[in-house]
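Shown below: target-v4.txt, with compact mmCIF, C-alpha atoms.
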# COMPACT_ATOMS: atom_id res chain seq x y z
CA MET A 1 62.91 98.12 117.02
CA PRO A 2 63.25 97.88 113.23
CA THR A 3 65.80 95.47 112.04
CA ASN A 4 67.06 97.77 109.26
CA GLY A 5 68.03 101.00 111.02
CA THR A 6 69.45 102.62 114.11
CA THR A 7 66.19 103.57 115.81
CA ASN A 8 63.35 101.59 117.29
CA ALA A 9 60.87 101.24 114.41
CA PHE A 10 59.09 98.63 112.32
CA GLU A 11 60.57 97.54 109.03
CA LEU A 12 58.43 99.28 106.45
CA SER A 13 59.01 100.50 102.93
CA MET A 14 57.68 104.05 102.67
CA PRO A 15 58.90 107.35 101.16
CA GLY A 16 59.34 108.79 104.66
CA GLN A 17 61.73 105.99 105.56
CA GLU A 18 63.90 106.81 102.54
CA VAL A 19 63.95 110.52 103.43
CA ARG A 20 64.93 109.68 106.99
CA ARG A 21 67.66 107.37 105.77
CA TRP A 22 69.21 109.97 103.48
CA LEU A 23 68.93 112.68 106.13
CA SER A 24 70.66 110.41 108.62
CA ARG A 25 73.46 109.74 106.13
CA ALA A 26 73.92 113.43 105.39
CA ILE A 27 74.19 114.24 109.09
CA ALA A 28 76.70 111.44 109.59
CA LEU A 29 78.79 112.67 106.64
CA VAL A 30 78.97 116.28 107.84
CA TYR A 31 79.65 115.15 111.38
CA GLY A 32 82.34 112.73 110.25
CA LEU A 33 84.19 115.27 108.13
CA VAL A 34 84.62 117.67 111.03
CA MET A 35 85.12 115.09 113.77
CA PHE A 36 87.79 113.49 111.59
CA GLU A 37 90.08 116.24 112.83
CA VAL A 38 90.09 114.61 116.26
CA VAL A 39 91.37 111.29 114.94
CA ILE A 40 93.70 112.60 112.26
CA MET A 41 95.54 114.89 114.69
CA ALA A 42 97.40 111.90 116.14
CA SER A 43 98.26 110.30 112.81
CA PRO A 44 101.08 110.77 110.29
CA PHE A 45 98.50 112.01 107.78
CA ALA A 46 97.63 115.13 109.76
CA PHE A 47 99.68 117.39 107.48
CA TYR A 48 97.75 116.28 104.40
CA PHE A 49 94.44 116.58 106.19
CA TYR A 50 95.10 120.17 107.19
CA ALA A 51 96.20 120.99 103.67
CA ALA A 52 92.53 120.55 102.74
CA TYR A 53 90.78 121.35 106.04
CA GLY A 54 93.16 124.09 107.18
CA PRO A 55 91.99 126.78 104.71
CA THR A 56 88.49 126.57 106.19
CA LEU A 57 89.83 127.14 109.71
CA LYS A 58 92.02 130.01 108.47
CA TRP A 59 89.08 131.61 106.70
CA LEU A 60 86.98 131.39 109.86
CA ASN A 61 89.80 132.92 111.88
CA HIS A 62 90.15 135.99 109.63
CA SER A 63 87.01 137.63 111.02
CA ALA A 64 86.08 138.37 114.62
CA ALA A 65 82.54 137.29 113.76
CA THR A 66 83.66 133.71 113.05
CA ALA A 67 87.07 133.36 114.74
CA TRP A 68 85.47 132.16 117.96
CA LEU A 69 84.39 129.00 116.13
CA THR A 70 88.02 127.87 115.92
CA GLY A 71 88.71 128.38 119.62
CA PHE A 72 88.78 125.72 122.32
CA VAL A 73 86.36 125.11 125.18
CA LEU A 74 88.08 122.59 127.49
CA PRO A 75 91.73 121.97 128.48
CA HIS A 76 93.89 120.07 126.03
CA ALA A 77 97.49 121.31 126.29
CA VAL A 78 97.72 121.55 130.10
CA PHE A 79 96.71 119.91 133.34
CA THR A 80 94.30 122.03 135.38
CA THR A 81 93.85 122.26 139.12
CA SER A 82 90.25 121.02 138.81
CA ALA A 83 89.58 117.37 139.59
CA PHE A 84 86.32 117.67 137.64
CA LEU A 85 88.02 118.84 134.42
CA GLU A 86 90.70 116.17 134.69
CA PHE A 87 88.06 113.49 135.18
CA LEU A 88 86.14 114.83 132.18
CA ARG A 89 89.18 114.59 129.93
CA TRP A 90 90.95 111.47 131.17
CA GLY A 91 88.05 109.51 132.66
CA LEU A 92 84.58 110.21 131.33
CA GLY A 93 85.61 111.26 127.81
CA PRO A 94 87.59 108.13 126.84
CA TYR A 95 84.95 105.79 128.26
CA ALA A 96 82.11 107.67 126.55
CA PHE A 97 83.86 107.45 123.18
CA ARG A 98 84.96 103.82 123.36
CA TRP A 99 82.02 102.21 125.09
CA GLY A 100 79.53 104.30 123.13
CA LEU A 101 81.06 103.08 119.89
CA MET A 102 81.17 99.47 121.09
CA ALA A 103 77.55 99.57 122.27
CA PHE A 104 76.46 101.00 118.92
CA PHE A 105 77.91 98.04 117.03
CA ILE A 106 76.62 95.50 119.56
CA LEU A 107 73.11 96.89 119.14
CA ALA A 108 73.57 96.78 115.37
CA VAL A 109 74.33 93.06 115.65
CA GLN A 110 71.12 92.60 117.62
CA ILE A 111 69.10 94.47 115.01
CA TYR A 112 70.47 92.72 111.97
CA GLY A 113 70.49 89.37 113.76
CA SER A 114 66.75 89.72 114.33
CA LYS A 115 66.31 90.58 110.68
CA LEU A 116 68.09 87.38 109.62
CA VAL A 117 65.71 85.24 111.67
CA GLY A 118 62.68 87.04 110.25
CA ARG A 119 61.65 89.13 113.25
CA LYS A 120 59.96 92.41 112.46
CA THR A 121 60.77 94.20 115.71
CA VAL A 122 63.35 94.21 118.47
CA SER A 123 61.98 94.79 121.95
CA SER A 124 64.39 92.80 124.11
CA GLY A 125 67.48 93.86 125.96
CA VAL A 126 68.05 97.62 125.99
CA TYR A 127 65.06 98.13 123.69
CA ARG A 128 62.75 97.15 126.54
CA TYR A 129 63.61 100.48 128.19
CA VAL A 130 64.84 102.82 125.42
CA ARG A 131 63.46 103.28 121.90
CA HIS A 132 66.58 104.79 120.31
CA PRO A 133 69.65 103.43 122.13
CA GLN A 134 71.89 103.55 119.06
CA TYR A 135 71.39 107.28 118.71
CA LEU A 136 72.27 107.61 122.39
CA CYS A 137 75.44 105.58 121.86
CA LEU A 138 76.54 107.76 118.95
CA GLU A 139 75.88 110.90 120.95
CA ALA A 140 77.93 109.57 123.87
CA SER A 141 80.78 108.59 121.56
CA ALA A 142 80.73 112.02 119.93
CA PHE A 143 80.90 113.66 123.34
CA GLY A 144 83.97 111.57 124.14
CA LEU A 145 85.66 112.74 120.95
CA PHE A 146 84.84 116.34 121.82
CA THR A 147 86.61 116.06 125.18
CA LYS A 148 89.74 114.84 123.35
CA TRP A 149 89.87 117.77 120.90
CA PRO A 150 87.49 120.40 122.29
CA ARG A 151 87.33 122.91 119.44
CA MET A 152 84.20 125.07 119.44
CA THR A 153 83.17 123.86 115.97
CA ILE A 154 83.21 120.28 117.24
CA PHE A 155 81.15 121.23 120.27
CA LEU A 156 78.52 122.93 118.11
CA LEU A 157 78.48 119.95 115.81
CA TRP A 158 77.85 117.66 118.77
CA VAL A 159 74.98 119.90 119.91
CA GLY A 160 73.57 119.87 116.39
CA MET A 161 73.84 116.10 116.40
CA LEU A 162 71.69 115.94 119.55
CA PHE A 163 68.94 117.99 117.93
CA ALA A 164 69.20 116.17 114.59
CA TYR A 165 68.79 112.75 116.19
CA TYR A 166 65.85 114.01 118.23
CA PHE A 167 64.05 115.22 115.09
CA LEU A 168 64.87 112.02 113.21
CA ALA A 169 63.41 109.99 116.06
CA ARG A 170 60.30 112.17 116.16
CA ILE A 171 59.76 111.81 112.40
CA GLU A 172 59.99 108.05 112.60
CA GLU A 173 57.73 107.79 115.63
CA ARG A 174 55.01 109.93 114.04
CA ARG A 175 55.09 107.69 110.99
CA LEU A 176 54.85 104.56 113.07
CA LEU A 177 51.93 105.87 115.09
CA THR A 178 49.90 106.28 111.89
CA ILE A 179 50.44 102.71 110.74
CA ASP A 180 50.64 100.62 113.91
CA GLN A 181 48.44 101.18 116.94
CA SER A 182 50.59 99.01 119.20
CA TYR A 183 53.51 101.41 118.86
CA ALA A 184 51.72 103.95 121.09
CA GLY A 185 51.77 101.43 123.93
CA TYR A 186 55.44 100.72 123.34
CA MET A 187 56.16 104.46 123.54
CA ARG A 188 54.39 104.70 126.88
CA ARG A 189 56.48 101.87 128.30
CA THR A 190 59.86 103.17 127.14
CA GLY A 191 61.93 106.33 127.11
CA MET A 192 63.09 107.98 123.91
CA PHE A 193 66.80 108.08 124.78
CA LEU A 194 66.98 107.39 128.53
CA PRO A 195 65.17 104.82 130.70
CA GLY A 196 62.22 106.28 132.54
CA ASN A 197 61.98 109.15 130.05
CA PRO A 198 63.23 111.88 132.46
CA GLY A 199 63.24 114.49 129.70
CA GLY A 200 59.63 113.77 128.83
CA ARG A 201 58.59 113.99 132.47
CA LEU A 202 60.36 117.31 132.94
CA TYR A 203 58.74 118.63 129.76
CA SER A 204 55.28 117.53 130.94
CA ARG A 205 55.68 119.32 134.25
CA ALA A 206 57.12 122.53 132.79
CA LEU A 207 55.36 122.95 129.45
CA GLY A 208 52.92 120.08 129.11
CA GLY A 209 49.97 122.24 130.21
CA LEU A 210 50.33 124.75 127.38
CA PRO A 211 47.46 124.52 124.84
CA ASP A 212 49.78 124.89 121.82
CA GLN A 213 52.10 121.90 122.11
CA LYS A 214 53.93 122.75 118.90
CA LEU A 215 54.93 126.06 120.44
CA ALA A 216 55.74 124.31 123.72
CA ARG A 217 58.14 121.91 122.01
CA GLY A 218 59.80 124.81 120.20
CA MET A 219 60.23 126.61 123.52
CA ALA A 220 61.68 123.48 125.12
CA LEU A 221 64.25 123.07 122.34
CA ALA A 222 65.20 126.76 122.48
CA ILE A 223 65.64 126.60 126.26
CA LEU A 224 67.71 123.45 125.94
CA LEU A 225 69.95 125.06 123.29
CA ILE A 226 70.50 128.14 125.45
CA LEU A 227 71.34 126.01 128.48
CA VAL A 228 73.84 123.93 126.50
CA LEU A 229 75.59 127.03 125.11
CA LEU A 230 75.66 128.67 128.54
CA GLY A 231 77.11 125.44 129.89
CA ALA A 232 79.90 125.59 127.30
CA CYS A 233 80.69 129.19 128.23
CA PHE A 234 80.74 128.26 131.90
CA LEU A 235 83.06 125.30 131.28
CA ARG A 236 85.47 127.48 129.32
CA ALA A 237 85.54 130.18 132.01
CA TYR A 238 85.94 127.47 134.63
CA THR A 239 88.85 126.01 132.67
CA VAL A 240 90.65 129.35 132.35
CA ASN A 241 90.24 129.92 136.09
CA HIS A 242 91.87 126.56 136.87
CA ILE A 243 95.01 126.92 134.75
CA SER A 244 98.40 127.52 136.35
CA ARG A 245 99.21 130.95 134.97
CA ALA A 246 100.78 134.18 136.12
CA ALA A 247 101.33 137.64 134.65
CA VAL A 248 105.07 138.36 134.56
CA LEU A 249 105.21 141.59 132.57
CA PRO A 250 102.53 143.98 131.28
CA ASP A 251 102.73 142.16 127.95
CA LEU A 252 103.65 138.62 129.06
CA GLU A 253 101.73 135.87 130.83
CA VAL A 254 103.03 132.41 131.72
CA VAL A 255 101.03 129.19 131.42
CA SER A 256 102.37 125.95 132.89
CA VAL A 257 101.45 122.46 131.70
CA TYR A 258 101.72 121.09 135.21
CA PRO A 259 100.29 123.01 138.18
CA MET A 260 102.99 125.37 139.39
CA THR A 261 103.12 128.23 141.87
CA PRO A 262 103.26 131.77 140.47
CA ALA A 263 106.57 132.30 142.26
CA HIS A 264 108.14 129.31 140.50
CA MET A 265 106.80 130.42 137.12
CA ARG A 266 108.22 133.91 137.62
CA GLU A 267 111.56 132.41 138.62
CA LEU A 268 111.72 130.38 135.40
CA MET A 269 110.68 133.41 133.34
CA SER A 270 113.36 135.55 134.97
CA LEU A 271 115.92 132.94 134.00
CA ALA A 272 114.66 132.69 130.41
CA LEU A 273 114.39 136.45 129.95
CA SER A 274 117.95 136.91 131.12
CA ASP A 275 119.15 135.34 127.88
CA PRO A 276 120.08 138.04 125.31
CA SER A 277 118.72 136.05 122.36
CA VAL A 278 115.33 135.72 124.07
CA GLN A 279 115.26 139.45 124.76
CA GLN A 280 116.13 140.24 121.15
CA ALA A 281 113.48 137.87 119.75
CA LEU A 282 110.74 139.45 121.86
CA ARG A 283 111.87 143.01 121.04
CA GLN A 284 111.68 142.25 117.32
CA GLU A 285 107.95 141.60 117.67
CA GLY A 286 107.34 145.23 118.55
CA ASP A 287 104.08 146.06 120.30
CA ALA A 288 102.97 142.51 120.94
CA THR A 289 101.43 140.49 123.75
CA PHE A 290 103.03 137.17 124.62
CA VAL A 291 102.14 133.91 126.31
CA ALA A 292 104.97 131.69 127.50
CA HIS A 293 104.18 127.99 127.90
CA VAL A 294 106.22 126.00 130.40
CA LEU A 295 106.41 122.52 128.87
CA PRO A 296 108.08 119.48 130.45
CA ARG A 297 111.23 118.34 128.63
CA ASP A 298 109.48 115.12 127.52
CA TYR A 299 106.21 116.82 126.50
CA GLY A 300 104.65 114.77 123.71
CA MET A 301 102.75 117.55 121.90
CA VAL A 302 105.45 120.15 121.27
CA GLY A 303 104.44 120.26 117.59
CA MET A 304 101.14 121.79 118.63
CA PHE A 305 103.04 124.92 119.73
CA ALA A 306 105.85 125.08 117.14
CA ASP A 307 107.04 123.15 114.11
CA VAL A 308 110.40 122.05 115.52
CA GLY A 309 110.49 118.50 114.17
CA THR A 310 112.32 116.20 116.58
CA GLN A 311 114.60 118.87 118.07
CA MET A 312 112.64 119.04 121.31
CA LEU A 313 111.13 115.54 121.47
CA ASP A 314 113.02 113.30 123.88
CA ALA A 315 110.26 110.69 123.69
CA GLY A 316 107.28 111.19 121.41
CA THR A 317 103.73 110.24 122.24
CA HIS A 318 103.49 107.57 119.58
CA GLU A 319 106.68 105.89 120.76
CA ARG A 320 105.31 105.29 124.23
CA ILE A 321 101.77 104.17 123.51
CA PRO A 322 101.87 100.38 123.19
CA PHE A 323 100.26 98.92 120.08
CA SER A 324 100.80 95.27 120.93
CA ARG A 325 97.85 92.95 120.33
CA LEU A 326 95.54 92.16 123.23
CA LYS A 327 97.37 94.43 125.63
CA TYR A 328 96.71 97.46 123.48
CA MET A 329 93.09 96.45 122.88
CA GLY A 330 92.56 96.04 126.61
CA ARG A 331 93.93 99.49 127.29
CA TRP A 332 91.83 100.95 124.50
CA LEU A 333 88.64 99.46 125.92
CA VAL A 334 89.48 100.11 129.57
CA PRO A 335 91.44 103.39 129.74
CA PHE A 336 92.44 103.11 133.39
CA LEU A 337 94.62 100.11 132.50
CA ASN A 338 96.95 102.47 130.63
CA SER A 339 98.62 104.30 133.48
CA GLN A 340 101.27 105.83 131.19
CA VAL A 341 98.96 107.53 128.71
CA ARG A 342 99.02 110.86 130.55
CA THR A 343 102.79 111.10 130.84
CA GLY A 344 103.15 109.75 127.31
CA ILE A 345 101.21 112.76 126.05
CA MET A 346 101.82 115.43 128.68
CA GLY A 347 105.35 114.53 129.80
CA SER A 348 106.53 114.23 133.39
CA ASP A 349 106.69 116.85 136.08
CA GLY A 350 110.43 117.41 136.46
CA ASN A 351 113.03 120.18 136.53
CA GLU A 352 113.80 120.44 132.82
CA TYR A 353 111.59 122.64 130.68
CA HIS A 354 110.91 124.02 127.24
CA ILE A 355 109.71 127.63 127.43
CA VAL A 356 107.77 128.42 124.25
CA PHE A 357 107.17 132.14 123.70
CA SER A 358 104.25 132.94 121.41
CA ARG A 359 102.64 136.20 120.43
CA VAL A 360 98.85 136.34 120.70
CA ASP A 361 96.80 138.34 118.20
CA ARG A 362 93.25 139.19 117.26
CA PRO A 363 91.79 137.99 113.94
CA ASN A 364 92.90 141.28 112.33
CA GLY A 365 96.51 140.60 113.32
CA ARG A 366 96.68 143.23 116.05
CA PRO A 367 97.94 142.12 119.48
CA VAL A 368 95.45 141.37 122.24
CA SER A 369 95.73 142.75 125.75
CA LEU A 370 96.48 140.44 128.67
CA ALA A 371 92.85 140.79 129.73
CA HIS A 372 91.79 139.19 126.42
CA LEU A 373 94.61 136.67 126.13
CA PHE A 374 92.20 133.74 126.49
CA ASP A 375 89.43 135.01 124.25
CA LEU A 376 87.98 132.39 121.90
CA SER A 377 89.17 134.41 118.90
CA ALA A 378 92.78 134.86 120.14
CA LYS A 379 95.45 133.05 118.12
CA MET A 380 99.04 132.39 119.13
CA THR A 381 102.11 132.28 116.87
CA PRO A 382 105.45 130.81 118.09
CA VAL A 383 108.27 133.35 118.38
CA TYR A 384 111.13 131.79 120.33
CA ILE A 385 111.98 128.81 122.53
CA ALA A 386 114.33 128.54 125.48
CA ASP A 387 115.30 125.26 127.15
CA ILE A 388 115.67 125.75 130.90
CA SER A 389 117.34 123.56 133.50
CA GLY A 390 115.76 124.00 136.89
CA VAL A 391 118.65 122.10 138.46
CA THR A 392 121.55 124.18 137.13
CA GLN A 393 119.47 127.34 136.77
CA GLN A 394 120.75 127.85 133.23
CA VAL A 395 119.41 128.32 129.75
CA ARG A 396 120.66 125.17 128.02
CA ARG A 397 119.84 126.25 124.46
CA THR A 398 117.54 128.44 122.43
CA ILE A 399 115.60 127.71 119.23
CA ASP A 400 114.25 130.12 116.63
CA PRO A 401 111.21 128.14 115.36
CA PRO A 402 109.16 128.60 112.20
CA ARG A 403 106.15 130.83 112.81
CA ARG A 404 103.70 127.96 112.68
CA SER A 405 102.76 124.74 114.41
CA TYR A 406 103.50 121.32 112.96
CA TRP A 407 100.13 121.47 111.18
CA GLY A 408 100.69 124.90 109.66
CA ASP A 409 99.15 128.26 110.47
CA ILE A 410 96.15 126.71 112.24
CA LYS A 411 94.82 127.93 115.58
CA MET A 412 95.89 125.61 118.38
CA PRO A 413 94.74 125.56 122.02
CA ILE A 414 96.40 128.02 124.38
CA PHE A 415 95.34 125.76 127.21
Take the structure in the file and write it out as structure tokens.
Amino acid sequence: MPTNGTTNAFELSMPGQEVRRWLSRAIALVYGLVMFEVVIMASPFAFYFYAAYGPTLKWLNHSAATAWLTGFVLPHAVFTTSAFLEFLRWGLGPYAFRWGLMAFFILAVQIYGSKLVGRKTVSSGVYRYVRHPQYLCLEASAFGLFTKWPRMTIFLLWVGMLFAYYFLARIEERRLLTIDQSYAGYMRRTGMFLPGNPGGRLYSRALGGLPDQKLARGMALAILLILVLLGACFLRAYTVNHISRAAVLPDLEVVSVYPMTPAHMRELMSLALSDPSVQQALRQEGDATFVAHVLPRDYGMVGMFADVGTQMLDAGTHERIPFSRLKYMGRWLVPFLNSQVRTGIMGSDGNEYHIVFSRVDRPNGRPVSLAHLFDLSAKMTPVYIADISGVTQQVRRTIDPPRRSYWGDIKMPIF
């Protein structure tokens, strides 16, 4: 492993190395600018970030050809009935992001430590089995970020990152093979990204016999890209099929944050729709299609649905996530230690609710049908809010919100 980069190579000064370095930096910059949305969403600076980034999302959402890029692939606003999806979001995702990032910096210490003592290569530890472990760590960390804010643009960027790191690794390895004969032996003993090189073995069995290996590699990459995109489509369809939702009227569907029976959702909707102000607000929208979100009273992400300030926040997310010294660091590194993170964000499953009515439109502003309510290009706009007490069976209050989320007129996840 070279002691001056993130891949397993010898330290050499050549034009190709400089090209690779600048290409790597460019990829990291583009990736960082988009992935920054994930981190900034939970900070007080989100409003300023969207002031610059928001116009791009709005522009994409104006056309049906590009609006799907601003949609969401995995659940974010709700709990699903799928143990797999919940594990992906609350288990695998946080660990992939945190431990991937930690491993990247630990490996960097190993690389630069070897450089300080004058070693030309690193072949101990993880590098005995994998040639490019730092790339793998960055890819894992990026996947973790995607599960936290699963917008389609972020997913595609993650996929692009996989291909970019593969090509960077290939460029470096071809260069090394021309200048050091021992590197070929090292390649045979190690995998590119995973121990045992399972991808290389699968490629050899499926396409290794083709006479034109350049064509074979192109076919392998195309097949891989298609499989990844099909996997994303499957995950989104799987997500939609595991949401607690029910059609109440021909133009109204209910989505619950916590799993809830259709009968209970219809009961809450009947109570909310009995309020004259709710009826009037929906009538004023004319020929529109609506989604009504059933949010717990202490839901920590109300601003994602409507810009209501602190009117509906009994206990905000940031107030309940501890930031105290070693305790916070321990929970950051080991997510299962923070047993309150889910309720801090998603609220608790009780009998007090916010019912947020939103109209759902196509990119051209025309209402969607219920059959297309969860299309990638569909965008919701808050219309009215009713606070419901499941104990007293009453509408406690109603709110006429601004027609935007806390971050402006930006598409937010319906689920």
(request) Would you mind reading off the distance between CA of Phe305 in chain A and CA of Pro382 in chain A, one decimal, in Å? (result)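 Those two atoms sit 6.6 Å apart.
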(request) Determine, counting all atoms listed in the file, which protein, DNA and RNA residues have an atom within 7 Å of an atom of Thr153 in chain A; residues of the same chain fewer than 3 positions away are not included. Present the result as a list in words. (result)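 The residues satisfying every condition are Leu69, Thr70, Leu156 and Leu157 of chain A.
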Could you build a table of the residues in range 111-159 of chain A lying no more than 10 Å from range 177-194 of chain A, giving for each the nearest pair of atoms and their separation in Å rounded to one decimal place, using all atoms listed in the file, ordered by chain and ascending residue number, as JSON lines?
{"residue": "A:Ser123", "atom": "CA", "partner": "A:Tyr186", "partner_atom": "CA", "distance": 8.9}
{"residue": "A:Val126", "atom": "CA", "partner": "A:Thr190", "partner_atom": "CA", "distance": 10.0}
{"residue": "A:Tyr127", "atom": "CA", "partner": "A:Thr190", "partner_atom": "CA", "distance": 8.0}
{"residue": "A:Arg128", "atom": "CA", "partner": "A:Thr190", "partner_atom": "CA", "distance": 6.7}
{"residue": "A:Tyr129", "atom": "CA", "partner": "A:Thr190", "partner_atom": "CA", "distance": 4.7}
{"residue": "A:Val130", "atom": "CA", "partner": "A:Gly191", "partner_atom": "CA", "distance": 4.9}
{"residue": "A:Arg131", "atom": "CA", "partner": "A:Met192", "partner_atom": "CA", "distance": 5.1}
{"residue": "A:His132", "atom": "CA", "partner": "A:Phe193", "partner_atom": "CA", "distance": 5.6}
{"residue": "A:Pro133", "atom": "CA", "partner": "A:Phe193", "partner_atom": "CA", "distance": 6.1}
{"residue": "A:Gln134", "atom": "CA", "partner": "A:Phe193", "partner_atom": "CA", "distance": 8.9}
{"residue": "A:Tyr135", "atom": "CA", "partner": "A:Phe193", "partner_atom": "CA", "distance": 7.7}
{"residue": "A:Leu136", "atom": "CA", "partner": "A:Phe193", "partner_atom": "CA", "distance": 6.0}
{"residue": "A:Cys137", "atom": "CA", "partner": "A:Phe193", "partner_atom": "CA", "distance": 9.5}
Please write the residues from the selection above to a file, keeping C-alpha atoms, as a PDB file, keeping the file's coordinate frame.
ATOM      1  CA  SER A 123      61.980  94.790 121.950  1.00  0.00           C
ATOM      2  CA  VAL A 126      68.050  97.620 125.990  1.00  0.00           C
ATOM      3  CA  TYR A 127      65.060  98.130 123.690  1.00  0.00           C
ATOM      4  CA  ARG A 128      62.750  97.150 126.540  1.00  0.00           C
ATOM      5  CA  TYR A 129      63.610 100.480 128.190  1.00  0.00           C
ATOM      6  CA  VAL A 130      64.840 102.820 125.420  1.00  0.00           C
ATOM      7  CA  ARG A 131      63.460 103.280 121.900  1.00  0.00           C
ATOM      8  CA  HIS A 132      66.580 104.790 120.310  1.00  0.00           C
ATOM      9  CA  PRO A 133      69.650 103.430 122.130  1.00  0.00           C
ATOM     10  CA  GLN A 134      71.890 103.550 119.060  1.00  0.00           C
ATOM     11  CA  TYR A 135      71.390 107.280 118.710  1.00  0.00           C
ATOM     12  CA  LEU A 136      72.270 107.610 122.390  1.00  0.00           C
ATOM     13  CA  CYS A 137      75.440 105.580 121.860  1.00  0.00           C
TER      14      CYS A 137
END
(request) Point out the residue among A:Thr56, A:Ser141, A:Ser204, A:Gln394 with the least atom-to-atom distance to Ala220 in chain A, counting all atoms listed in the file. (result)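 The shortest atom-to-atom distance to Ala220 in chain A comes from A:Ser204.
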Taking (92.2, 134.8, 111.6) as a centre in this file's frame and 8 Å as the limit, can you find every polymer residue with an atom that close, using all atoms listed in the file, and give them as a CSV table (one decimal) with C-alpha atoms, keeping the file's coordinate frame?
chain,number,residue,atom,x,y,z
A,58,LYS,CA,92.0,130.0,108.5
A,59,TRP,CA,89.1,131.6,106.7
A,60,LEU,CA,87.0,131.4,109.9
A,61,ASN,CA,89.8,132.9,111.9
A,62,HIS,CA,90.2,136.0,109.6
A,63,SER,CA,87.0,137.6,111.0
A,64,ALA,CA,86.1,138.4,114.6
A,67,ALA,CA,87.1,133.4,114.7
A,362,ARG,CA,93.2,139.2,117.3
A,363,PRO,CA,91.8,138.0,113.9
A,364,ASN,CA,92.9,141.3,112.3
A,365,GLY,CA,96.5,140.6,113.3
A,377,SER,CA,89.2,134.4,118.9
A,379,LYS,CA,95.4,133.0,118.1
(request) Take CA of Thr381 in chain A and CA of Phe234 in chain A and report the distance between them in Å, one decimal. (result) 26.4 Å
(request) Anything within 10 Å of (109.1, 131.2, 126.6): list those residues as an MDAnalysis selection string, counting only C-alpha atoms and sticking to the file's coordinates. (result) chainID A and resid 252:255 268:269 272:273 278 282 290:295 353:358 382:388 398
Could you dump the residues just selected with C-alpha atoms as a short mmCIF file (atom, residue, chain, number, x, y, z; two decimals), keeping the file's coordinate frame?
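Wrote it out as selection35.cif, contents follow:
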data_model
loop_
_atom_site.label_atom_id
_atom_site.label_comp_id
_atom_site.auth_asym_id
_atom_site.auth_seq_id
_atom_site.Cartn_x
_atom_site.Cartn_y
_atom_site.Cartn_z
CA LEU A 252 103.65 138.62 129.06
CA GLU A 253 101.73 135.87 130.83
CA VAL A 254 103.03 132.41 131.72
CA VAL A 255 101.03 129.19 131.42
CA LEU A 268 111.72 130.38 135.40
CA MET A 269 110.68 133.41 133.34
CA ALA A 272 114.66 132.69 130.41
CA LEU A 273 114.39 136.45 129.95
CA VAL A 278 115.33 135.72 124.07
CA LEU A 282 110.74 139.45 121.86
CA PHE A 290 103.03 137.17 124.62
CA VAL A 291 102.14 133.91 126.31
CA ALA A 292 104.97 131.69 127.50
CA HIS A 293 104.18 127.99 127.90
CA VAL A 294 106.22 126.00 130.40
CA LEU A 295 106.41 122.52 128.87
CA TYR A 353 111.59 122.64 130.68
CA HIS A 354 110.91 124.02 127.24
CA ILE A 355 109.71 127.63 127.43
CA VAL A 356 107.77 128.42 124.25
CA PHE A 357 107.17 132.14 123.70
CA SER A 358 104.25 132.94 121.41
CA PRO A 382 105.45 130.81 118.09
CA VAL A 383 108.27 133.35 118.38
CA TYR A 384 111.13 131.79 120.33
CA ILE A 385 111.98 128.81 122.53
CA ALA A 386 114.33 128.54 125.48
CA ASP A 387 115.30 125.26 127.15
CA ILE A 388 115.67 125.75 130.90
CA THR A 398 117.54 128.44 122.43
#
(request) Find the residues near Pro262 in chain A: any atom within 8 Å, counting all atoms listed in the file, skip ones fewer than 2 places away on the same chain, and give them as a ChimeraX atom specification. (result) /A:244-246,260,264-266
(request) Mind checking which residues fall within 12 Å of Pro75 in chain A, counting only C-alpha atoms, ignoring those fewer than 5 positions away in the same chain, and posting them as a ChimeraX atom specification? (result) /A:80-82,84-90,146-151,235-244,257,374,412-415
(request) Could you please determine the separation between CA of Asp275 in chain A and CA of Arg366 in chain A in Å, to one decimal place? (result)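 So the answer is 26.6 Å.
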Expected axis-aligned box over every listed atom of range 144-158 of chain A, 8 Å added per side, centre plus edges in Å to one decimal, as lines of an AutoDock Vina configuration file:
center_x = 83.9
center_y = 118.3
center_z = 120.5
size_x = 28.0
size_y = 29.5
size_z = 25.4
